[in-house]
file start_22.cif (mmCIF, C-alpha atoms and all ligand atoms)
data_final
#
loop_
_atom_site.group_PDB
_atom_site.id
_atom_site.type_symbol
_atom_site.label_atom_id
_atom_site.label_comp_id
_atom_site.auth_asym_id
_atom_site.auth_seq_id
_atom_site.Cartn_x
_atom_site.Cartn_y
_atom_site.Cartn_z
ATOM 1 C CA MET A 183 -20.669 -10.137 23.853
ATOM 2 C CA ARG A 184 -21.950 -6.561 24.067
ATOM 3 C CA ILE A 185 -25.342 -5.910 22.433
ATOM 4 C CA LEU A 186 -24.135 -3.594 19.637
ATOM 5 C CA PRO A 187 -21.368 -5.864 18.244
ATOM 6 C CA ALA A 188 -23.803 -8.787 18.478
ATOM 7 C CA LEU A 189 -26.408 -6.810 16.513
ATOM 8 C CA LEU A 190 -23.877 -5.832 13.827
ATOM 9 C CA LEU A 191 -22.718 -9.449 13.534
ATOM 10 C CA ALA A 192 -26.324 -10.638 13.190
ATOM 11 C CA LEU A 193 -26.969 -8.087 10.446
ATOM 12 C CA LEU A 194 -23.812 -9.112 8.579
ATOM 13 C CA LEU A 195 -24.685 -12.802 8.805
ATOM 14 C CA SER A 196 -28.224 -12.163 7.603
ATOM 15 C CA GLY A 197 -26.880 -10.371 4.528
ATOM 16 C CA THR A 198 -28.524 -7.078 5.489
ATOM 17 C CA ALA A 199 -25.374 -5.220 6.535
ATOM 18 C CA LEU A 200 -25.891 -1.504 7.034
ATOM 19 C CA ALA A 201 -24.932 0.169 3.764
ATOM 20 C CA ALA A 202 -22.263 2.873 3.587
ATOM 21 C CA GLY A 203 -23.938 5.868 1.974
ATOM 22 C CA GLU A 204 -27.303 5.107 3.590
ATOM 23 C CA THR A 205 -29.121 8.431 4.005
ATOM 24 C CA VAL A 206 -31.529 9.405 6.783
ATOM 25 C CA ARG A 207 -33.508 12.636 6.469
ATOM 26 C CA LEU A 208 -33.724 14.639 9.681
ATOM 27 C CA PRO A 209 -36.895 16.354 10.948
ATOM 28 C CA GLU A 210 -37.160 19.986 9.868
ATOM 29 C CA PRO A 211 -35.669 22.291 12.527
ATOM 30 C CA ASP A 212 -37.778 24.710 14.523
ATOM 31 C CA ARG A 213 -36.272 28.019 13.396
ATOM 32 C CA ILE A 214 -38.319 30.168 15.742
ATOM 33 C CA GLY A 215 -38.289 28.456 19.115
ATOM 34 C CA GLY A 216 -35.674 28.117 21.800
ATOM 35 C CA MET A 217 -34.412 30.253 24.617
ATOM 36 C CA PRO A 218 -33.758 34.001 24.172
ATOM 37 C CA LEU A 219 -30.178 34.486 22.929
ATOM 38 C CA MET A 220 -28.974 36.399 25.982
ATOM 39 C CA GLN A 221 -30.294 33.676 28.266
ATOM 40 C CA ALA A 222 -28.575 30.983 26.163
ATOM 41 C CA LEU A 223 -25.299 32.907 26.440
ATOM 42 C CA ALA A 224 -25.801 33.107 30.192
ATOM 43 C CA GLU A 225 -26.426 29.335 30.351
ATOM 44 C CA ARG A 226 -23.624 28.126 28.015
ATOM 45 C CA ARG A 227 -21.063 25.989 29.827
ATOM 46 C CA SER A 228 -19.095 22.745 29.523
ATOM 47 C CA ILE A 229 -20.777 19.763 31.157
ATOM 48 C CA ARG A 230 -18.830 16.489 31.047
ATOM 49 C CA ASN A 231 -21.210 13.894 32.495
ATOM 50 C CA PHE A 232 -23.801 12.457 30.149
ATOM 51 C CA SER A 233 -26.813 10.190 30.440
ATOM 52 C CA THR A 234 -26.598 7.153 28.129
ATOM 53 C CA GLU A 235 -29.986 8.124 26.636
ATOM 54 C CA ALA A 236 -29.474 9.497 23.109
ATOM 55 C CA PRO A 237 -31.182 12.763 22.090
ATOM 56 C CA ASP A 238 -34.248 12.125 19.913
ATOM 57 C CA GLU A 239 -34.275 12.793 16.156
ATOM 58 C CA VAL A 240 -36.015 16.168 16.476
ATOM 59 C CA THR A 241 -33.382 17.365 18.927
ATOM 60 C CA LEU A 242 -30.540 15.995 16.792
ATOM 61 C CA GLY A 243 -31.994 17.673 13.699
ATOM 62 C CA GLY A 244 -32.230 21.002 15.509
ATOM 63 C CA LEU A 245 -28.710 20.638 16.879
ATOM 64 C CA LEU A 246 -27.151 19.941 13.474
ATOM 65 C CA TRP A 247 -29.079 22.693 11.768
ATOM 66 C CA ALA A 248 -28.014 25.181 14.462
ATOM 67 C CA ALA A 249 -24.432 23.944 14.116
ATOM 68 C CA TRP A 250 -23.886 24.091 10.384
ATOM 69 C CA GLY A 251 -27.254 24.054 8.619
ATOM 70 C CA GLU A 252 -28.401 26.020 5.614
ATOM 71 C CA ASN A 253 -30.286 29.101 6.774
ATOM 72 C CA ARG A 254 -30.830 30.787 3.384
ATOM 73 C CA ARG A 255 -32.136 29.716 -0.005
ATOM 74 C CA ASP A 256 -28.709 30.288 -1.584
ATOM 75 C CA GLY A 257 -27.177 27.563 0.586
ATOM 76 C CA ARG A 258 -25.336 29.795 3.053
ATOM 77 C CA ARG A 259 -24.976 28.485 6.563
ATOM 78 C CA THR A 260 -25.645 29.288 10.221
ATOM 79 C CA ALA A 261 -21.880 29.871 10.633
ATOM 80 C CA PRO A 262 -19.698 32.086 8.423
ATOM 81 C CA SER A 263 -16.853 30.698 6.301
ATOM 82 C CA ALA A 264 -13.930 32.236 4.415
ATOM 83 C CA LEU A 265 -15.113 33.177 0.904
ATOM 84 C CA ASN A 266 -18.232 31.113 1.715
ATOM 85 C CA ARG A 267 -16.224 28.023 0.744
ATOM 86 C CA GLN A 268 -17.820 26.133 3.636
ATOM 87 C CA ALA A 269 -14.593 24.167 4.156
ATOM 88 C CA LEU A 270 -15.769 22.186 7.159
ATOM 89 C CA LYS A 271 -17.273 18.710 7.374
ATOM 90 C CA LEU A 272 -19.433 17.851 10.345
ATOM 91 C CA TYR A 273 -19.516 14.162 11.298
ATOM 92 C CA VAL A 274 -21.807 12.651 13.905
ATOM 93 C CA GLY A 275 -20.692 9.627 15.916
ATOM 94 C CA LYS A 276 -23.503 7.551 17.460
ATOM 95 C CA ALA A 277 -24.011 3.998 18.691
ATOM 96 C CA ASP A 278 -24.984 2.989 15.140
ATOM 97 C CA GLY A 279 -21.852 4.364 13.465
ATOM 98 C CA ILE A 280 -20.446 7.550 11.984
ATOM 99 C CA TRP A 281 -22.512 9.834 9.783
ATOM 100 C CA LEU A 282 -21.750 12.933 7.676
ATOM 101 C CA TYR A 283 -24.172 15.834 8.006
ATOM 102 C CA ASP A 284 -25.501 16.851 4.573
ATOM 103 C CA ALA A 285 -26.702 20.415 5.174
ATOM 104 C CA HIS A 286 -28.376 20.809 1.771
ATOM 105 C CA ASP A 287 -30.701 17.855 2.308
ATOM 106 C CA HIS A 288 -30.689 18.217 6.116
ATOM 107 C CA ALA A 289 -29.794 14.552 6.304
ATOM 108 C CA LEU A 290 -27.226 12.161 7.692
ATOM 109 C CA VAL A 291 -25.179 10.040 5.303
ATOM 110 C CA ARG A 292 -23.524 6.980 6.778
ATOM 111 C CA VAL A 293 -19.747 6.769 6.425
ATOM 112 C CA SER A 294 -19.053 3.922 8.846
ATOM 113 C CA ASP A 295 -20.933 1.156 10.656
ATOM 114 C CA ILE A 296 -18.457 1.283 13.510
ATOM 115 C CA PRO A 297 -19.412 3.472 16.484
ATOM 116 C CA PRO A 298 -16.807 5.865 17.882
ATOM 117 C CA GLY A 299 -14.424 4.116 20.277
ATOM 118 C CA LYS A 300 -12.553 5.535 23.255
ATOM 119 C CA PRO A 301 -12.033 8.398 24.014
ATOM 120 C CA LEU A 302 -14.971 9.449 21.813
ATOM 121 C CA ASP A 303 -17.534 7.304 23.605
ATOM 122 C CA ASP A 304 -18.164 9.552 26.622
ATOM 123 C CA ALA A 305 -21.535 10.740 25.262
ATOM 124 C CA PRO A 306 -24.313 9.300 23.068
ATOM 125 C CA VAL A 307 -23.521 11.859 20.343
ATOM 126 C CA VAL A 308 -20.044 13.023 19.421
ATOM 127 C CA LEU A 309 -19.594 15.700 16.783
ATOM 128 C CA ILE A 310 -16.348 15.537 14.811
ATOM 129 C CA PHE A 311 -15.239 18.736 13.091
ATOM 130 C CA ALA A 312 -12.971 18.149 10.088
ATOM 131 C CA VAL A 313 -11.182 20.806 8.039
ATOM 132 C CA PRO A 314 -8.680 20.735 5.172
ATOM 133 C CA GLU A 315 -5.104 20.207 6.373
ATOM 134 C CA GLY A 316 -3.212 23.494 6.314
ATOM 135 C CA ASP A 317 -6.313 25.692 6.022
ATOM 136 C CA PRO A 318 -5.427 28.837 8.012
ATOM 137 C CA CYS A 319 -9.130 29.442 8.669
ATOM 138 C CA GLY A 320 -9.917 25.866 9.737
ATOM 139 C CA GLY A 321 -9.770 26.530 13.474
ATOM 140 C CA MET A 322 -11.926 29.641 13.098
ATOM 141 C CA HIS A 323 -14.599 27.692 11.248
ATOM 142 C CA VAL A 324 -14.621 24.943 13.857
ATOM 143 C CA GLY A 325 -14.902 27.524 16.646
ATOM 144 C CA SER A 326 -17.933 29.152 15.056
ATOM 145 C CA VAL A 327 -19.701 25.835 14.688
ATOM 146 C CA TYR A 328 -18.979 24.539 18.179
ATOM 147 C CA GLN A 329 -20.206 27.816 19.645
ATOM 148 C CA ASN A 330 -23.471 27.404 17.713
ATOM 149 C CA VAL A 331 -23.723 23.916 19.215
ATOM 150 C CA GLY A 332 -22.947 25.203 22.711
ATOM 151 C CA LEU A 333 -25.724 27.779 22.476
ATOM 152 C CA PHE A 334 -28.200 25.242 21.103
ATOM 153 C CA CYS A 335 -27.319 22.897 23.973
ATOM 154 C CA ALA A 336 -27.835 25.665 26.524
ATOM 155 C CA SER A 337 -31.233 26.391 25.001
ATOM 156 C CA ALA A 338 -32.262 22.718 24.787
ATOM 157 C CA GLY A 339 -30.979 21.726 28.239
ATOM 158 C CA LEU A 340 -28.286 19.453 26.785
ATOM 159 C CA ALA A 341 -24.803 18.848 28.151
ATOM 160 C CA ASN A 342 -21.788 19.363 25.884
ATOM 161 C CA VAL A 343 -18.033 19.709 25.993
ATOM 162 C CA VAL A 344 -15.547 20.600 23.239
ATOM 163 C CA LYS A 345 -12.340 18.581 23.159
ATOM 164 C CA ALA A 346 -9.175 19.024 21.092
ATOM 165 C CA SER A 347 -7.210 16.273 22.898
ATOM 166 C CA THR A 348 -9.401 13.682 21.141
ATOM 167 C CA THR A 349 -7.844 14.607 17.787
ATOM 168 C CA ARG A 350 -4.183 13.960 18.713
ATOM 169 C CA ASP A 351 -4.482 10.514 17.142
ATOM 170 C CA GLN A 352 -5.795 11.115 13.624
ATOM 171 C CA GLY A 353 -5.960 7.329 13.205
ATOM 172 C CA MET A 354 -9.281 7.560 15.095
ATOM 173 C CA PHE A 355 -10.848 9.097 11.982
ATOM 174 C CA PRO A 356 -10.208 6.668 9.097
ATOM 175 C CA PHE A 357 -13.394 7.820 7.363
ATOM 176 C CA LEU A 358 -11.979 11.302 6.611
ATOM 177 C CA PRO A 359 -11.202 12.084 2.954
ATOM 178 C CA GLU A 360 -7.566 12.459 1.899
ATOM 179 C CA GLY A 361 -6.233 15.891 2.880
ATOM 180 C CA TRP A 362 -8.711 16.445 5.744
ATOM 181 C CA LYS A 363 -8.057 16.300 9.477
ATOM 182 C CA ALA A 364 -10.182 16.279 12.621
ATOM 183 C CA GLN A 365 -9.654 19.587 14.460
ATOM 184 C CA ALA A 366 -11.866 19.067 17.515
ATOM 185 C CA THR A 367 -14.766 17.008 18.795
ATOM 186 C CA GLN A 368 -17.814 17.962 20.850
ATOM 187 C CA SER A 369 -19.573 15.445 23.060
ATOM 188 C CA VAL A 370 -23.334 16.015 23.395
ATOM 189 C CA GLY A 371 -26.090 14.359 25.383
ATOM 190 C CA ARG A 372 -28.527 14.774 28.205
ATOM 191 C CA PRO A 373 -26.842 15.746 31.463
ATOM 192 C CA ARG A 374 -26.496 12.923 33.969
HETATM 193 C C1 LIG A 401 -10.416 24.540 21.565
HETATM 194 C C2 LIG A 401 -10.852 23.841 22.851
HETATM 195 C C3 LIG A 401 -10.269 22.659 23.234
HETATM 196 C C4 LIG A 401 -10.696 21.974 24.393
HETATM 197 N N1 LIG A 401 -10.161 20.747 24.682
HETATM 198 C C5 LIG A 401 -10.622 20.063 25.764
HETATM 199 C C6 LIG A 401 -10.135 18.736 26.039
HETATM 200 O O1 LIG A 401 -9.323 18.187 25.301
HETATM 201 N N2 LIG A 401 -10.609 18.080 27.128
HETATM 202 C C7 LIG A 401 -11.542 18.653 27.961
HETATM 203 O O2 LIG A 401 -11.955 18.023 28.943
HETATM 204 N N3 LIG A 401 -12.027 19.896 27.726
HETATM 205 C C8 LIG A 401 -11.589 20.614 26.654
HETATM 206 N N4 LIG A 401 -12.099 21.872 26.379
HETATM 207 C C9 LIG A 401 -13.140 22.463 27.276
HETATM 208 C C10 LIG A 401 -12.540 23.565 28.187
HETATM 209 O O3 LIG A 401 -11.789 22.967 29.244
HETATM 210 C C11 LIG A 401 -13.694 24.418 28.764
HETATM 211 O O4 LIG A 401 -14.307 25.103 27.691
HETATM 212 C C12 LIG A 401 -13.148 25.407 29.794
HETATM 213 O O5 LIG A 401 -12.799 24.728 30.995
HETATM 214 C C13 LIG A 401 -14.149 26.521 30.176
HETATM 215 O O6 LIG A 401 -15.346 25.952 30.690
HETATM 216 P P1 LIG A 401 -16.762 26.416 30.079
HETATM 217 O O7 LIG A 401 -16.840 25.823 28.682
HETATM 218 O O8 LIG A 401 -17.802 25.788 30.996
HETATM 219 O O9 LIG A 401 -16.790 27.923 30.037
HETATM 220 C C14 LIG A 401 -11.686 22.554 25.224
HETATM 221 C C15 LIG A 401 -12.259 23.783 24.844
HETATM 222 C C16 LIG A 401 -11.876 24.400 23.653
HETATM 223 C C17 LIG A 401 -12.582 25.689 23.225
#
call {"tool": "encode", "arguments": {"input": "start_22.cif", "output": "structure tokens", "more": "lines below"}}
Ligand SMILES: Cc1cc2nc3c(=O)[nH]c(=O)nc-3n(C[C@H](O)[C@H](O)[C@H](O)COP(=O)(O)O)c2cc1C
result
Amino acid sequence: MRILPALLLALLLSGTALAAGETVRLPEPDRIGGMPLMQALAERRSIRNFSTEAPDEVTLGGLLWAAWGENRRDGRRTAPSALNRQALKLYVGKADGIWLYDAHDHALVRVSDIPPGKPLDDAPVVLIFAVPEGDPCGGMHVGSVYQNVGLFCASAGLANVVKASTTRDQGMFPFLPEGWKAQATQSVGRPR
């Protein structure tokens, strides 16, 4: 038996199953540091081979804030959105399950105990971008956010690749609310 399923089984049997809705606050992002923007643009690229080592919490917090965090007191975000409706949900798949990024509290809220399966398991962190079905601006919003991630990764020395092929089978995303679909995913980790 692989270690993770064995751990989940042990937790279930001990009556301490991981709770859906469990919330984990992320470390505050460093809003000043990082590589100069022009250098990050020069470094941005797709890298498809990842180390199994997961990015630490500080790095993950910075990544999610750069992606789709609140950057102003009025709740507006690091990426623009049509009419500021912010119609994009950012999910994070990790070995311990699937989490929804709560930008207001800069926290992760668990939506599933089950880690992402194939083909989403190529990296220790997989971002899942969900938008309302039929939203004509959905693809634009996803593109803004994955570019933020790509630039953060360039600055932080992380590997990443955007994939749309991973969303052909919407059955991979049973945690999405009714009326939402996964538009693309982005695998992130340390380069191997
Ligand atoms: C909307 C979109 C969908 C993509 N889908 C996939 C995919 O399904 N599989 C894959 O390996 N790469 C995918 N890519 C990555 C592209 O192949 C990659 O960005 C391209 O080769 C250019 O390389 P660069 O990112 O290093 O500039 C996708 C990129 C975008 C923007």
call {"tool": "closest_residue", "arguments": {"input": "start_22.cif", "among": "A:Ala264, A:Ala248, A:Ala341, A:Ile310", "to": "Ile214 (chain A)", "atoms": "all atoms listed in the file"}}
result
A:Ala248
call {"tool": "axis_aligned_box", "arguments": {"input": "start_22.cif", "around": "ligand LIG 401 (chain A)", "padding_each_side": "3 Å", "output": "AutoDock Vina command-line options"}}
result
--center_x -13.6 --center_y 23.0 --center_z 26.3 --size_x 14.5 --size_y 15.9 --size_z 15.4
call {"tool": "closest_residue", "arguments": {"input": "start_22.cif", "among": "A:Cys335, A:Ala346, A:Ala312, A:Cys319", "to": "Ser228 (chain A)", "atoms": "all atoms listed in the file"}}
result
A:Cys335
call {"tool": "closest_atom_pairs", "arguments": {"input": "start_22.cif", "of": "chain A", "to": "ligand LIG 401 (chain A)", "cutoff": "12 Å", "atoms": "only C-alpha atoms and all ligand atoms", "output": "Markdown table"}}
result
| residue | atom | partner | partner_atom | distance |
| --- | --- | --- | --- | --- |
| A:Leu223 | CA | A:LIG401 | O9 | 10.5 |
| A:Ala224 | CA | A:LIG401 | O9 | 10.4 |
| A:Glu225 | CA | A:LIG401 | O8 | 9.3 |
| A:Arg226 | CA | A:LIG401 | O8 | 6.9 |
| A:Arg227 | CA | A:LIG401 | O8 | 3.5 |
| A:Ser228 | CA | A:LIG401 | O8 | 3.6 |
| A:Ile229 | CA | A:LIG401 | O8 | 6.7 |
| A:Arg230 | CA | A:LIG401 | O2 | 7.4 |
| A:Asn231 | CA | A:LIG401 | O2 | 10.7 |
| A:Pro301 | CA | A:LIG401 | O1 | 10.2 |
| A:Leu302 | CA | A:LIG401 | O1 | 11.0 |
| A:Asp304 | CA | A:LIG401 | O2 | 10.8 |
| A:Phe311 | CA | A:LIG401 | C1 | 11.3 |
| A:Gly320 | CA | A:LIG401 | C1 | 11.9 |
| A:Gly321 | CA | A:LIG401 | C1 | 8.4 |
| A:Met322 | CA | A:LIG401 | C1 | 10.0 |
| A:His323 | CA | A:LIG401 | C1 | 11.6 |
| A:Val324 | CA | A:LIG401 | C1 | 8.8 |
| A:Gly325 | CA | A:LIG401 | C17 | 7.2 |
| A:Ser326 | CA | A:LIG401 | C17 | 10.4 |
| A:Val327 | CA | A:LIG401 | C17 | 11.1 |
| A:Tyr328 | CA | A:LIG401 | C17 | 8.2 |
| A:Gln329 | CA | A:LIG401 | C17 | 8.7 |
| A:Val331 | CA | A:LIG401 | O7 | 11.9 |
| A:Gly332 | CA | A:LIG401 | O7 | 8.6 |
| A:Leu333 | CA | A:LIG401 | O7 | 11.0 |
| A:Cys335 | CA | A:LIG401 | O7 | 11.9 |
| A:Ala336 | CA | A:LIG401 | O8 | 11.0 |
| A:Ala341 | CA | A:LIG401 | O8 | 10.3 |
| A:Asn342 | CA | A:LIG401 | O7 | 8.6 |
| A:Val343 | CA | A:LIG401 | C9 | 5.8 |
| A:Val344 | CA | A:LIG401 | C14 | 4.8 |
| A:Lys345 | CA | A:LIG401 | N1 | 3.4 |
| A:Ala346 | CA | A:LIG401 | N1 | 4.1 |
| A:Ser347 | CA | A:LIG401 | O1 | 3.7 |
| A:Thr348 | CA | A:LIG401 | O1 | 6.1 |
| A:Thr349 | CA | A:LIG401 | O1 | 8.5 |
| A:Arg350 | CA | A:LIG401 | O1 | 9.4 |
| A:Gln365 | CA | A:LIG401 | C1 | 8.7 |
| A:Ala366 | CA | A:LIG401 | C3 | 6.9 |
| A:Thr367 | CA | A:LIG401 | N1 | 8.4 |
| A:Gln368 | CA | A:LIG401 | C14 | 8.8 |
| A:Ser369 | CA | A:LIG401 | N3 | 9.9 |
call {"tool": "atom_distance", "arguments": {"input": "start_22.cif", "atom1": "CA of Gly257 (chain A)", "atom2": "CA of Asp284 (chain A)"}}
result
11.6 Å
call {"tool": "residues_around", "arguments": {"input": "start_22.cif", "residues": "Asp278 (chain A)", "least_positions_apart": "2", "cutoff": "7 Å", "atoms": "only C-alpha atoms", "output": "mmCIF file with C-alpha atoms, in the coordinates of the input"}}
result
data_model
loop_
_atom_site.group_PDB
_atom_site.id
_atom_site.type_symbol
_atom_site.label_atom_id
_atom_site.label_comp_id
_atom_site.auth_asym_id
_atom_site.auth_seq_id
_atom_site.Cartn_x
_atom_site.Cartn_y
_atom_site.Cartn_z
ATOM 1 C CA LYS A 276 -23.503 7.551 17.460
ATOM 2 C CA ASP A 295 -20.933 1.156 10.656
ATOM 3 C CA ILE A 296 -18.457 1.283 13.510
ATOM 4 C CA PRO A 297 -19.412 3.472 16.484
#
call {"tool": "atom_distance", "arguments": {"input": "start_22.cif", "atom1": "CA of Asp317 (chain A)", "atom2": "CA of Gly361 (chain A)"}}
result
10.3 Å
call {"tool": "closest_residue", "arguments": {"input": "start_22.cif", "among": "A:Pro306, A:Lys300, A:Pro209, A:Thr234", "to": "Asp351 (chain A)", "atoms": "all atoms listed in the file"}}
result
A:Lys300
call {"tool": "residues_near_point", "arguments": {"input": "start_22.cif", "point": "(-19.7, 11.5, 18.0)", "cutoff": "6 Å", "atoms": "only C-alpha atoms", "output": "list in words"}}
result
Val274, Gly275, Lys276, Val307, Val308 and Leu309 of chain A
call {"tool": "resolve_selection", "arguments": {"input": "start_22.cif", "expression": "the PyMOL selection byres (((chain A and resi 203) around 10) and not hetatm)", "output": "ChimeraX atom specification"}}
result
/A:200-202,204-206,281-282,290-294
call {"tool": "write_last_selection", "arguments": {"input": "start_22.cif", "atoms": "C-alpha atoms", "output": "short mmCIF file (atom, residue, chain, number, x, y, z; two decimals), keeping the file's coordinate frame"}}
result
data_model
loop_
_atom_site.label_atom_id
_atom_site.label_comp_id
_atom_site.auth_asym_id
_atom_site.auth_seq_id
_atom_site.Cartn_x
_atom_site.Cartn_y
_atom_site.Cartn_z
CA LEU A 200 -25.89 -1.50 7.03
CA ALA A 201 -24.93 0.17 3.76
CA ALA A 202 -22.26 2.87 3.59
CA GLU A 204 -27.30 5.11 3.59
CA THR A 205 -29.12 8.43 4.00
CA VAL A 206 -31.53 9.40 6.78
CA TRP A 281 -22.51 9.83 9.78
CA LEU A 282 -21.75 12.93 7.68
CA LEU A 290 -27.23 12.16 7.69
CA VAL A 291 -25.18 10.04 5.30
CA ARG A 292 -23.52 6.98 6.78
CA VAL A 293 -19.75 6.77 6.42
CA SER A 294 -19.05 3.92 8.85
#
call {"tool": "closest_residue", "arguments": {"input": "start_22.cif", "among": "A:Leu245, A:Val313, A:Leu208, A:Met354", "to": "Ile280 (chain A)", "atoms": "only C-alpha atoms"}}
result
A:Met354
call {"tool": "closest_residue", "arguments": {"input": "start_22.cif", "among": "A:Phe357, A:Tyr273, A:Phe232, A:Trp250", "to": "Asn330 (chain A)", "atoms": "all atoms listed in the file"}}
result
A:Trp250
call {"tool": "atom_distance", "arguments": {"input": "start_22.cif", "atom1": "CA of Gly353 (chain A)", "atom2": "CA of Leu242 (chain A)"}}
result
26.3 Å
call {"tool": "resolve_selection", "arguments": {"input": "start_22.cif", "expression": "the PyMOL selection byres (((chain A and resi 260) around 8) and not hetatm)", "output": "short mmCIF file (atom, residue, chain, number, x, y, z; two decimals) with C-alpha atoms, in the coordinates of the input"}}
result
data_model
loop_
_atom_site.label_atom_id
_atom_site.label_comp_id
_atom_site.auth_asym_id
_atom_site.auth_seq_id
_atom_site.Cartn_x
_atom_site.Cartn_y
_atom_site.Cartn_z
CA TRP A 247 -29.08 22.69 11.77
CA ALA A 248 -28.01 25.18 14.46
CA ALA A 249 -24.43 23.94 14.12
CA TRP A 250 -23.89 24.09 10.38
CA GLY A 251 -27.25 24.05 8.62
CA GLU A 252 -28.40 26.02 5.61
CA ASN A 253 -30.29 29.10 6.77
CA ARG A 258 -25.34 29.80 3.05
CA ARG A 259 -24.98 28.48 6.56
CA ALA A 261 -21.88 29.87 10.63
CA PRO A 262 -19.70 32.09 8.42
#
call {"tool": "closest_residue", "arguments": {"input": "start_22.cif", "among": "A:Ala338, A:Ala285, A:Leu246, A:Ala277", "to": "Asp303 (chain A)", "atoms": "all atoms listed in the file"}}
result
A:Ala277
call {"tool": "decode", "arguments": {"input": "start_22.cif", "residues": "region 278-292 of chain A", "atoms": "C-alpha atoms", "output": "CSV table (one decimal), in the first residue's frame"}}
result
chain,number,residue,atom,x,y,z
A,278,ASP,CA,-3.0,16.0,1.1
A,279,GLY,CA,-6.0,16.8,-1.1
A,280,ILE,CA,-7.6,19.7,-2.9
A,281,TRP,CA,-7.9,23.1,-1.4
A,282,LEU,CA,-9.7,26.4,-2.5
A,283,TYR,CA,-7.7,29.6,-2.2
A,284,ASP,CA,-9.5,32.1,-0.1
A,285,ALA,CA,-7.9,35.4,-1.1
A,286,HIS,CA,-9.7,37.5,1.5
A,287,ASP,CA,-8.2,35.5,4.4
A,288,HIS,CA,-5.1,34.5,2.4
A,289,ALA,CA,-5.9,30.9,3.4
A,290,LEU,CA,-6.6,27.5,2.0
A,291,VAL,CA,-9.9,25.8,2.6
A,292,ARG,CA,-10.1,22.1,2.1
